[in-house]
Amino acid sequence: MGIAWDDVVLIEHRGKSDEPTSITVNCPDKAGLGCDLCRIVLEFGLYVTRGDFATDGKWCYIVLWVVPRPSSLKVDWGSLKNRLMSTCPSCMISFYLNQQSTASAPPSVYLLKVFCLDRKGLLHDVTKILCELELTIQRVKVMTTPDDKVLDLFFITDCMDLLHTKQRRDETCEHLSNVLGEYCISCELQLSGPECEVQQGFTSLPQEVAEELFSCELSKEAVPMSSASDTAKLMKATITVDNLLSPVHTLLQIQCVDQKGLIYDILKTSKDCDIRIAFGRIQSTAKGYRTIDLFIQTTDGKKIIDDENIKSLCSRLKEEMLHPLRVTVGSRGPDTELLVANPVELSGKGRPRVFYDVTIALKELGICIFSAEIARHSTAERQWEVYRFRLDESPEYPLASKKARTDIVDKVKKTLMGW
């Protein structure tokens with residue numbers, strides 16, 4: 001027994017184009033399901049205006065109201081529904097007869113080689129095409145040659161799981177060639193080999209750079225410098241813990257500045273800390289702030305009453321709300337280098353659309369990217385995904401100046417956070 005498969009995920013559009021679209025998920029529950037669903041929503045460039053969560057540990061009911069950000073973004077709603085359905089547990093009775101989770105095999109990684117004539121914004125344009133094709137960038141290596149050509153190596157996975165077919169590979173290369181036009185010299189796509197493993201990590205980051213990137217403290221350099229009031233606003237995040245209102249749940253009342261991916265960041269933290277959200281309400285933004293009520297339990301259905309556990313959970317949540325992404329600009333020898341870092345889920349997944357947002361911010365600033373790479377970096381507390389960009393100096397944008405570097409951090413941070 002179960003519900004009709006098409007009814008597991010329902011997407012309903014309102015009468016007016018500017019009204020939120022509702023996404024309803026009604027299926028068996030699993031650990032971290034809310035996080036996984038919000039991750040997919042973020043991948044599609046959607047912003048959650050409000051939401052409701054309810055689960056008894058066996059069955060869950062989730063409603064999210066979403067809008068595209070920016071409003072001009074074209075969303076493939078059919079593909080979104082398929083992706084959301086693919087992450088929901090089976091609704092058949094066999095699900096209840098076998099509760100043991102089976103770890104799915106990691107997706108195959110493919111190597112995309114794009115050789116082009118260089119121009120401003122090229123890297124973002126390729127990244128945008130890959131996002132539209134639902135191809136996820138796992139690693140990247142970008143190299144500019146002395147004769148103004150660029151070789152982009154993208155290690156990608158396919159959200160549609162079709163890259164093993166010749167048709168999907170051919171269509172991807174053809175689409176890239178058509179969009180890039182005369183700038184595209186060649187495009188190749190094949191299953192990656194051992195070279196993918198070589199891209200897994202950087203050589204060690206300088207100690208002072210690592211301390212700035214991975215510090216738990218929100219430094220003044222880490223936030224946009226538009227005004228002192230903006231900085232004060234970012235520093236404000238409150239979490240109220242109530243163990244008296246419910247006999248079986250701990251209530252978390254969260255209020256903080258609204259930003260892109262906030263719901264995903266909070267649910268990611270709950271998932272990684274083995275916290276189950278029995279009931280949740282995400283309220284609409286008011287004066288730039290978001291209020292969220294979560295009735296939570298441990299995985300064995302108990303309240304969280306240990307003071308140290310509560311303190312640790314609140315500290316982790318505040319870190320995600322105040323400082324989910326780290327941005328810094330510095331010198332690497334004679335070059336100017338932009339570094340962006342974000343925590344990785346315990347499952348190994350990085351934050352969606354970071355590379356997309358950074359490249360569009362640099363494109364809008366008119367800054368060329370000489371080289372770029374993505375890799376993982378481990379600290380004692382957690383693993384990070386680090387994006388490293390060597391920026392090309394130009395007469396109209398002298399990168400050595402303090403103002404230029406402040407402008408870069410400001411623009412990248414605002415784009416990443418959706419401010």
# chains A, B, ... in the order shown; residues from 1 in each chain; ligands from 1
$ residues_around --residues "A:Trp77" --least-positions-apart "3" --cutoff "12 Å" --atoms "only C-alpha atoms" --output "short mmCIF file (atom, residue, chain, number, x, y, z; two decimals) with all heavy atoms, in the first residue's frame"
data_model
loop_
_atom_site.label_atom_id
_atom_site.label_comp_id
_atom_site.auth_asym_id
_atom_site.auth_seq_id
_atom_site.Cartn_x
_atom_site.Cartn_y
_atom_site.Cartn_z
N VAL A 9 5.32 14.27 -4.72
CA VAL A 9 5.72 15.66 -4.85
C VAL A 9 4.69 16.39 -5.71
O VAL A 9 4.44 15.99 -6.86
CB VAL A 9 7.12 15.79 -5.48
CG1 VAL A 9 7.48 17.27 -5.69
CG2 VAL A 9 8.18 15.12 -4.62
N LEU A 10 4.09 17.43 -5.16
CA LEU A 10 3.12 18.24 -5.91
C LEU A 10 3.65 19.67 -6.00
O LEU A 10 4.03 20.26 -5.00
CB LEU A 10 1.76 18.24 -5.22
CG LEU A 10 1.01 16.90 -5.14
CD1 LEU A 10 -0.28 17.07 -4.34
CD2 LEU A 10 0.70 16.37 -6.54
N ILE A 11 3.68 20.21 -7.21
CA ILE A 11 4.12 21.58 -7.44
C ILE A 11 2.93 22.36 -8.00
O ILE A 11 2.38 22.00 -9.04
CB ILE A 11 5.31 21.63 -8.41
CG1 ILE A 11 6.51 20.88 -7.82
CG2 ILE A 11 5.68 23.08 -8.74
CD1 ILE A 11 7.73 20.86 -8.71
N GLU A 12 2.52 23.40 -7.26
CA GLU A 12 1.35 24.18 -7.65
C GLU A 12 1.74 25.64 -7.86
O GLU A 12 2.29 26.27 -6.96
CB GLU A 12 0.27 24.09 -6.56
CG GLU A 12 -0.27 22.69 -6.36
CD GLU A 12 -1.34 22.64 -5.28
OE1 GLU A 12 -2.52 22.87 -5.62
OE2 GLU A 12 -0.99 22.41 -4.10
N HIS A 13 1.44 26.15 -9.06
CA HIS A 13 1.72 27.54 -9.38
C HIS A 13 0.49 28.39 -9.09
O HIS A 13 -0.64 27.99 -9.37
CB HIS A 13 2.12 27.66 -10.85
CG HIS A 13 3.28 26.79 -11.23
ND1 HIS A 13 4.57 27.09 -10.90
CD2 HIS A 13 3.32 25.61 -11.90
CE1 HIS A 13 5.37 26.16 -11.35
NE2 HIS A 13 4.64 25.23 -11.96
N THR A 21 5.44 29.72 -5.66
CA THR A 21 4.99 28.38 -6.07
C THR A 21 5.12 27.45 -4.87
O THR A 21 6.13 27.49 -4.16
CB THR A 21 5.85 27.86 -7.23
OG1 THR A 21 5.65 28.69 -8.37
CG2 THR A 21 5.50 26.42 -7.58
N SER A 22 4.10 26.65 -4.61
CA SER A 22 4.15 25.73 -3.47
C SER A 22 4.66 24.37 -3.91
O SER A 22 4.27 23.84 -4.94
CB SER A 22 2.77 25.60 -2.81
OG SER A 22 1.86 24.98 -3.68
N ILE A 23 5.55 23.80 -3.11
CA ILE A 23 6.07 22.45 -3.31
C ILE A 23 5.67 21.62 -2.10
O ILE A 23 6.08 21.93 -0.97
CB ILE A 23 7.59 22.44 -3.47
CG1 ILE A 23 8.02 23.31 -4.66
CG2 ILE A 23 8.12 21.03 -3.63
CD1 ILE A 23 9.53 23.48 -4.77
N ILE A 40 18.29 20.57 -3.09
CA ILE A 40 17.86 20.52 -4.49
C ILE A 40 17.17 21.83 -4.88
O ILE A 40 17.40 22.37 -5.97
CB ILE A 40 16.92 19.32 -4.72
CG1 ILE A 40 17.69 18.01 -4.53
CG2 ILE A 40 16.29 19.36 -6.11
CD1 ILE A 40 16.81 16.77 -4.53
N VAL A 41 16.32 22.35 -3.99
CA VAL A 41 15.65 23.63 -4.26
C VAL A 41 16.69 24.73 -4.48
O VAL A 41 16.57 25.55 -5.39
CB VAL A 41 14.72 23.98 -3.08
CG1 VAL A 41 14.27 25.44 -3.16
CG2 VAL A 41 13.50 23.06 -3.08
N PHE A 44 18.42 24.63 -7.91
CA PHE A 44 17.62 25.17 -9.00
C PHE A 44 17.48 26.69 -8.93
O PHE A 44 16.73 27.28 -9.72
CB PHE A 44 16.24 24.50 -9.02
CG PHE A 44 16.22 23.18 -9.74
CD1 PHE A 44 16.74 22.04 -9.16
CD2 PHE A 44 15.69 23.07 -11.01
CE1 PHE A 44 16.74 20.82 -9.82
CE2 PHE A 44 15.67 21.87 -11.69
CZ PHE A 44 16.20 20.73 -11.09
N GLY A 45 18.17 27.33 -7.99
CA GLY A 45 18.14 28.79 -7.89
C GLY A 45 16.87 29.34 -7.29
O GLY A 45 16.49 30.49 -7.57
N LEU A 46 16.20 28.54 -6.43
CA LEU A 46 14.94 28.96 -5.83
C LEU A 46 15.15 29.44 -4.40
O LEU A 46 15.98 28.91 -3.66
CB LEU A 46 13.94 27.81 -5.85
CG LEU A 46 13.50 27.35 -7.25
CD1 LEU A 46 12.71 26.06 -7.16
CD2 LEU A 46 12.67 28.43 -7.94
N VAL A 66 8.20 28.80 -2.78
CA VAL A 66 9.46 29.22 -3.38
C VAL A 66 9.22 30.21 -4.53
O VAL A 66 8.16 30.22 -5.16
CB VAL A 66 10.26 28.01 -3.91
CG1 VAL A 66 10.56 27.03 -2.79
CG2 VAL A 66 9.52 27.31 -5.04
N VAL A 67 10.26 31.03 -4.79
CA VAL A 67 10.27 31.93 -5.94
C VAL A 67 11.66 31.86 -6.57
O VAL A 67 12.66 31.64 -5.88
CB VAL A 67 9.94 33.39 -5.55
CG1 VAL A 67 8.52 33.51 -5.05
CG2 VAL A 67 10.92 33.90 -4.50
N PRO A 68 11.76 32.05 -7.89
CA PRO A 68 13.09 32.08 -8.53
C PRO A 68 13.85 33.33 -8.11
O PRO A 68 13.28 34.40 -7.96
CB PRO A 68 12.76 32.11 -10.03
CG PRO A 68 11.32 31.72 -10.15
CD PRO A 68 10.67 32.16 -8.87
N LEU A 73 14.91 34.11 -13.76
CA LEU A 73 15.43 32.74 -13.89
C LEU A 73 14.38 31.80 -14.44
O LEU A 73 13.23 31.78 -13.97
CB LEU A 73 15.91 32.25 -12.52
CG LEU A 73 16.49 30.84 -12.46
CD1 LEU A 73 17.83 30.78 -13.17
CD2 LEU A 73 16.64 30.40 -11.00
N LYS A 74 14.74 31.02 -15.44
CA LYS A 74 13.85 30.02 -16.02
C LYS A 74 14.04 28.70 -15.27
O LYS A 74 15.15 28.16 -15.22
CB LYS A 74 14.13 29.83 -17.50
CG LYS A 74 13.99 31.10 -18.33
CD LYS A 74 12.58 31.67 -18.28
CE LYS A 74 12.45 32.92 -19.14
NZ LYS A 74 11.10 33.54 -19.02
N LEU A 80 12.70 19.60 -11.75
CA LEU A 80 12.76 19.78 -10.29
C LEU A 80 11.93 18.71 -9.59
O LEU A 80 12.37 18.11 -8.60
CB LEU A 80 12.27 21.17 -9.93
CG LEU A 80 12.09 21.45 -8.43
CD1 LEU A 80 13.42 21.35 -7.69
CD2 LEU A 80 11.45 22.83 -8.20
N LYS A 81 10.72 18.47 -10.10
CA LYS A 81 9.86 17.45 -9.48
C LYS A 81 10.53 16.09 -9.53
O LYS A 81 10.53 15.34 -8.52
CB LYS A 81 8.51 17.40 -10.19
CG LYS A 81 7.56 16.34 -9.63
CD LYS A 81 6.17 16.42 -10.25
CE LYS A 81 5.27 15.34 -9.66
NZ LYS A 81 3.88 15.44 -10.13
N ASN A 82 11.13 15.74 -10.66
CA ASN A 82 11.80 14.45 -10.77
C ASN A 82 12.96 14.32 -9.79
O ASN A 82 13.17 13.27 -9.18
CB ASN A 82 12.30 14.24 -12.20
CG ASN A 82 11.18 14.02 -13.19
OD1 ASN A 82 10.09 13.60 -12.83
ND2 ASN A 82 11.44 14.33 -14.46
N ARG A 83 13.72 15.42 -9.63
CA ARG A 83 14.85 15.39 -8.70
C ARG A 83 14.36 15.24 -7.25
O ARG A 83 14.95 14.49 -6.46
CB ARG A 83 15.66 16.68 -8.84
CG ARG A 83 16.48 16.80 -10.12
CD ARG A 83 17.75 15.95 -10.07
NE ARG A 83 18.51 16.25 -8.88
CZ ARG A 83 19.28 17.33 -8.71
NH1 ARG A 83 19.34 18.24 -9.67
NH2 ARG A 83 19.97 17.50 -7.60
N LEU A 84 13.30 15.97 -6.90
CA LEU A 84 12.77 15.87 -5.54
C LEU A 84 12.22 14.46 -5.28
O LEU A 84 12.43 13.88 -4.20
CB LEU A 84 11.67 16.90 -5.33
CG LEU A 84 12.12 18.37 -5.33
CD1 LEU A 84 10.91 19.30 -5.33
CD2 LEU A 84 13.02 18.67 -4.14
#
$ residues_around --residues "A:Gly57" --least-positions-apart "5" --cutoff "9 Å" --atoms "only C-alpha atoms" --output "list of chain:residue names"
A:Pro28, A:Asp29, A:Lys30, A:Ala31, A:Arg276, A:Ala278, A:Thr299, A:Gly301
$ select_by_dssp --residues "stretch 142-371 of chain A" --states "alpha helix (DSSP H)" --output "ChimeraX atom specification"
/A:166-180,195-198,207-214,228-234,262-272,307-322,354-365
$ closest_residue --among "A:Thr238, A:Thr127, A:Ser177, A:Thr87" --to "A:Lys363" --atoms "only C-alpha atoms"
A:Thr127
$ residues_around --residues "A:Asp118" --least-positions-apart "2" --cutoff "8 Å" --atoms "only C-alpha atoms" --output "PyMOL selection string"
chain A and resi 116+120+122+144+148-150+183
$ write_last_selection --atoms "C-alpha atoms" --output "CSV table (one decimal), in the first residue's frame"
chain,number,residue,atom,x,y,z
A,116,CYS,CA,38.4,28.3,-26.0
A,120,LYS,CA,35.8,38.2,-20.0
A,122,LEU,CA,33.8,33.0,-20.3
A,144,THR,CA,45.1,30.4,-19.4
A,148,ASP,CA,45.0,34.2,-25.0
A,149,LYS,CA,43.4,30.8,-25.0
A,150,VAL,CA,41.9,28.9,-22.1
A,183,TYR,CA,35.1,31.2,-29.1
$ closest_residue --among "A:Ile374, A:Leu112, A:Leu42, A:Ile296" --to "A:Val140" --atoms "only C-alpha atoms"
A:Ile374
$ residues_around --residues "A:Ile282" --least-positions-apart "5" --cutoff "6 Å" --atoms "only C-alpha atoms" --output "JSON, numbers by chain"
{"A": [50, 51, 292]}
